[in-house]
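> Just so it is clear, I am handing over final.txt, which has compact mmCIF, C-alpha atoms.
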# COMPACT_ATOMS: atom_id res chain seq x y z
CA MET X 1 0.00 0.00 0.00
CA LYS X 2 1.28 3.46 -0.88
CA PRO X 3 2.14 5.32 2.36
CA PHE X 4 0.05 8.33 3.29
CA SER X 5 1.78 11.55 2.30
CA PHE X 6 1.23 15.15 1.24
CA ALA X 7 2.55 16.65 -1.98
CA ASP X 8 3.60 19.84 -0.20
CA LYS X 9 7.17 19.12 0.93
CA ASN X 10 7.01 21.52 3.88
CA LEU X 11 3.78 20.01 5.15
CA GLN X 12 5.12 16.49 4.62
CA HIS X 13 8.28 17.37 6.55
CA GLU X 14 6.20 18.64 9.48
CA LEU X 15 4.06 15.51 9.36
CA GLU X 16 7.13 13.26 9.49
CA THR X 17 8.60 15.34 12.32
CA VAL X 18 5.63 15.46 14.73
CA ALA X 19 3.33 12.52 13.88
CA ILE X 20 3.53 9.34 15.93
CA ARG X 21 3.14 6.04 14.09
CA LYS X 22 1.43 3.45 16.28
CA SER X 23 -0.24 0.05 15.92
CA PHE X 24 -3.51 -0.93 17.63
CA ALA X 25 -5.25 -4.27 18.06
CA SER X 26 -8.81 -5.14 17.05
CA ASN X 27 -11.50 -3.95 19.49
CA GLU X 28 -9.10 -1.61 21.27
CA VAL X 29 -10.87 1.58 22.34
CA LEU X 30 -9.01 4.56 20.95
CA MET X 31 -11.20 7.23 22.50
CA ASN X 32 -14.27 7.60 24.71
CA PRO X 33 -16.82 10.43 24.97
CA GLY X 34 -15.55 13.11 27.33
CA ASP X 35 -11.87 12.32 26.73
CA VAL X 36 -9.46 15.17 26.18
CA ILE X 37 -8.40 14.98 22.55
CA GLN X 38 -4.62 14.88 22.36
CA TYR X 39 -4.12 13.50 18.87
CA VAL X 40 -5.89 13.46 15.52
CA PRO X 41 -5.66 10.02 13.87
CA ILE X 42 -5.01 9.33 10.22
CA VAL X 43 -5.57 5.69 9.29
CA LEU X 44 -2.68 3.97 7.51
CA THR X 45 -3.97 0.40 7.62
CA GLY X 46 -7.03 -1.26 9.09
CA SER X 47 -10.12 0.70 10.08
CA ILE X 48 -11.79 2.51 12.97
CA ARG X 49 -15.45 2.31 13.97
CA ILE X 50 -16.99 5.56 15.23
CA VAL X 51 -19.87 5.19 17.67
CA LEU X 52 -22.08 7.81 19.31
CA GLN X 53 -22.51 7.16 23.03
CA ASN X 54 -24.75 9.05 25.47
CA HIS X 55 -24.37 9.56 29.23
CA ASP X 56 -26.30 6.35 29.94
CA GLY X 57 -23.90 4.29 27.85
CA ASP X 58 -26.35 3.79 24.98
CA GLU X 59 -24.53 3.54 21.66
CA TYR X 60 -25.26 4.02 17.98
CA PHE X 61 -22.96 3.19 15.10
CA LEU X 62 -22.10 6.21 12.92
CA TYR X 63 -19.41 5.35 10.35
CA HIS X 64 -16.00 3.81 9.67
CA LEU X 65 -12.64 5.39 8.94
CA PHE X 66 -10.50 3.70 6.29
CA PRO X 67 -6.87 4.19 5.13
CA ALA X 68 -5.94 7.83 4.35
CA GLU X 69 -9.00 9.07 6.29
CA SER X 70 -9.36 10.99 9.53
CA CYS X 71 -12.24 11.68 11.90
CA ALA X 72 -14.09 14.89 11.09
CA LEU X 73 -15.73 15.00 14.51
CA THR X 74 -12.30 14.84 16.16
CA LEU X 75 -10.99 17.57 13.87
CA THR X 76 -14.04 19.74 14.66
CA CYS X 77 -13.69 19.19 18.41
CA CYS X 78 -10.01 20.13 18.19
CA GLN X 79 -10.78 23.37 16.41
CA SER X 80 -13.49 24.30 18.92
CA ARG X 81 -11.48 23.04 21.92
CA LYS X 82 -14.21 20.56 22.90
CA LEU X 83 -13.90 17.17 24.52
CA SER X 84 -14.50 14.07 22.43
CA GLU X 85 -18.15 13.50 21.57
CA VAL X 86 -17.74 9.96 20.20
CA LYS X 87 -16.29 6.55 20.96
CA ALA X 88 -13.62 5.31 18.54
CA VAL X 89 -12.96 1.55 18.38
CA ILE X 90 -10.36 -0.24 16.29
CA GLU X 91 -12.38 -2.41 13.89
CA ASN X 92 -9.49 -4.64 12.89
CA ASP X 93 -5.74 -4.41 13.52
CA ALA X 94 -4.76 -0.91 12.49
CA GLU X 95 -1.76 1.34 12.11
CA LEU X 96 -2.36 5.04 12.66
CA LEU X 97 -0.56 8.33 12.35
CA LEU X 98 -1.29 10.37 15.47
CA ILE X 99 -0.95 14.12 15.00
CA PRO X 100 -0.79 16.33 18.13
CA VAL X 101 -3.91 18.53 18.17
CA ARG X 102 -1.99 21.83 18.20
CA TYR X 103 -1.07 21.29 14.55
CA VAL X 104 -4.68 21.10 13.33
CA ASP X 105 -4.90 24.90 13.42
CA GLU X 106 -1.21 25.63 12.77
CA TRP X 107 -1.24 23.68 9.50
CA MET X 108 -4.20 25.64 8.12
CA LYS X 109 -1.53 27.81 6.47
CA TYR X 110 -1.03 24.90 4.07
CA PRO X 111 -3.76 24.73 1.38
CA GLU X 112 -3.32 20.97 1.10
CA TRP X 113 -3.97 20.44 4.81
CA LYS X 114 -6.97 22.77 4.70
CA LYS X 115 -8.32 20.73 1.77
CA PHE X 116 -7.71 17.48 3.66
CA VAL X 117 -9.62 18.74 6.72
CA SER X 118 -12.54 20.16 4.73
CA GLY X 119 -12.71 16.98 2.63
CA ALA X 120 -12.87 14.81 5.75
CA GLN X 121 -15.62 16.98 7.20
CA ALA X 122 -17.66 16.92 3.98
CA GLN X 123 -17.39 13.12 3.66
CA ARG X 124 -18.34 12.47 7.28
CA PHE X 125 -21.25 14.93 7.07
CA SER X 126 -22.58 12.98 4.10
CA GLU X 127 -22.26 9.70 6.02
CA LEU X 128 -23.98 11.19 9.06
CA LEU X 129 -26.90 12.27 6.88
CA GLU X 130 -27.08 8.72 5.53
CA THR X 131 -27.17 7.36 9.08
CA ILE X 132 -29.88 9.83 10.13
CA GLU X 133 -31.93 8.92 7.07
CA LEU X 134 -31.62 5.21 7.89
CA VAL X 135 -32.71 5.74 11.49
CA ALA X 136 -35.57 8.08 10.62
CA PHE X 137 -37.01 6.49 7.50
CA THR X 138 -36.11 2.79 7.35
CA ARG X 139 -37.14 -0.28 9.30
CA LEU X 140 -34.77 -1.84 11.82
CA ASP X 141 -34.18 -4.87 9.60
CA GLU X 142 -32.85 -2.56 6.86
CA GLN X 143 -30.69 -0.72 9.39
CA LEU X 144 -29.31 -4.07 10.59
CA TRP X 145 -28.44 -5.22 7.06
CA HIS X 146 -26.75 -1.88 6.32
CA TYR X 147 -24.78 -2.22 9.57
CA LEU X 148 -23.61 -5.74 8.73
CA ILE X 149 -22.51 -4.72 5.24
CA LYS X 150 -20.54 -1.77 6.63
CA ARG X 151 -18.81 -4.02 9.17
CA VAL X 152 -17.90 -6.53 6.44
CA GLN X 153 -16.43 -3.76 4.29
CA ALA X 154 -14.39 -2.48 7.24
CA ASN X 155 -13.11 -5.94 8.20
CA GLY X 156 -12.31 -7.07 4.69
CA SER X 157 -13.90 -10.42 5.56
CA SER X 158 -17.38 -11.86 5.18
CA ILE X 159 -17.15 -13.40 8.66
CA LEU X 160 -17.81 -11.08 11.61
CA ASN X 161 -16.78 -12.22 15.09
CA ILE X 162 -19.53 -10.42 16.93
CA THR X 163 -22.32 -11.21 19.38
CA HIS X 164 -25.99 -10.35 19.09
CA GLN X 165 -25.62 -8.18 22.20
CA GLN X 166 -22.80 -6.15 20.64
CA ILE X 167 -24.96 -5.46 17.59
CA ALA X 168 -27.91 -4.57 19.82
CA ASN X 169 -25.75 -2.10 21.74
CA GLU X 170 -24.59 -0.28 18.62
CA LEU X 171 -28.04 -0.20 17.03
CA HIS X 172 -29.62 0.77 20.37
CA SER X 173 -32.12 -2.05 20.19
CA PRO X 174 -33.14 -4.95 22.51
CA ARG X 175 -31.00 -8.05 21.96
CA GLU X 176 -34.10 -10.22 21.49
CA VAL X 177 -35.19 -8.04 18.55
CA ILE X 178 -31.76 -8.25 16.92
CA THR X 179 -31.71 -12.04 17.35
CA ARG X 180 -35.12 -12.34 15.71
CA LEU X 181 -34.06 -10.16 12.77
CA LEU X 182 -30.80 -12.08 12.36
CA ASN X 183 -32.78 -15.33 12.21
CA GLN X 184 -34.94 -13.78 9.50
CA LEU X 185 -31.84 -12.80 7.51
CA GLN X 186 -30.54 -16.36 7.86
CA LYS X 187 -33.81 -17.75 6.49
CA GLN X 188 -33.37 -15.38 3.53
CA GLU X 189 -29.85 -16.85 3.10
CA LYS X 190 -28.29 -13.41 3.51
CA ILE X 191 -26.28 -14.55 6.52
CA LYS X 192 -25.15 -17.72 8.29
CA LEU X 193 -25.15 -17.62 12.07
CA GLY X 194 -22.41 -19.29 14.11
CA ARG X 195 -21.29 -19.19 17.71
CA ASN X 196 -20.48 -15.51 18.29
CA SER X 197 -19.97 -15.11 14.54
CA ILE X 198 -21.96 -14.11 11.49
CA GLU X 199 -21.07 -14.93 7.89
CA VAL X 200 -22.53 -12.27 5.61
CA ASN X 201 -23.44 -12.85 1.97
CA ALA X 202 -22.59 -9.30 0.90
CA SER X 203 -23.44 -10.02 -2.75
CA MET X 204 -27.16 -10.14 -1.98
Output the file's structure in the form of C-alpha cells.

Amino acid sequence: MKPFSFADKNLQHELETVAIRKSFASNEVLMNPGDVIQYVPIVLTGSIRIVLQNHDGDEYFLYHLFPAESCALTLTCCQSRKLSEVKAVIENDAELLLIPVRYVDEWMKYPEWKKFVSGAQAQRFSELLETIELVAFTRLDEQLWHYLIKRVQANGSSILNITHQQIANELHSPREVITRLLNQLQKQEKIKLGRNSIEVNASM
C-alpha cells in the first residue's frame, strides 16, 4: 500500500517530524466520549469504527474510517477546543498516524492540509446524513443489514466475530429483537449464524 503523504514538501516534513506512528489491536478503544483529545488520527492500515454514546452508555454506530481518512468530529472538536463526543474503536488491527492537536490549526496555512480537513468533514457529514436517514425512515431490519454490510467492508472479511448483544448495543435495540431479525436474515440466506460469529453474503 502506498504510504500516506502530502505533496507539499514543507507540510510532509512537518508531518514526518511530529506525527507518531502506532499500531492498535482489534476492538481496542481509541477514544471515549468526554476524553481530552490529544491526537488526531489518520488511518494507515485497518479501520476505525466511530460510535455515538450518550451519558447512559447507549450507543449508535455512525461510520467507519478507512486508510488515508481521519475523523471529522475529532478535527471539529479540536478546532473548537471541545472534549471528544464519540467513541472510537479499532475495527481490525490498524496502524495510525497520530498528530498532536496543536497542529490542526497551525497547518491551516497549508492549502493541502486545509483541503484534507474540509474533505474529511464533507465526507463524514454525508455519512452522518445517511445514518440519520436510515434511522428516521427505514425499518430496523434494513438498518441491521446496512450495519452488517458496513462491518464486512471495514473488516475485509465476510465473517464477523460479533455477538448479538454487541450489535444490539450499537443499534440501540433490545437483543431479542436483533436475534429475531438475524434469524430472518438467515432464512433469507443473507447470513449464516455461528457461535459468536456471522457470515454475511454481501453479494445479496
> Between X:Met108, X:Leu62, X:Val40, X:Val101, which is the closest to Leu129 (chain X) once you count only C-alpha atoms?
X:Leu62
> From the list X:Val51, X:Cys77, X:Leu128, X:Leu83, which residue is nearest Gly34 (chain X) when using only C-alpha atoms?
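Once distances to Gly34 (chain X) are computed over only C-alpha atoms, the minimum belongs to X:Leu83.
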> Taking all atoms listed in the file into account, which of X:Leu52, X:Ala202, X:Val86, X:Ala94 comes nearest Glu28 (chain X)?
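Closest candidate: X:Ala94.
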> Name all residues at most 12 Å from Gly57 (chain X) (count all atoms listed in the file; drop same-chain ones fewer than 2 positions away) and give them as a PyMOL selection string.
chain X and resi 32-33+51-55+59-60+86-87+169-170+172
> Check the smallest atom-to-atom distance from each of X:Val43, X:Ile159, X:Pro111, X:Ala122 to Lys192 (chain X) using only C-alpha atoms, then report the winner.
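Of X:Val43, X:Ile159, X:Pro111, X:Ala122, the one nearest Lys192 (chain X) is X:Ile159, counting only C-alpha atoms.
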> For Leu96 (chain X), which of X:Leu30, X:Val36, X:Val135, X:Leu144 is the closest residue, counting all atoms listed in the file?
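Smallest separation from Leu96 (chain X) among the options: X:Leu30.
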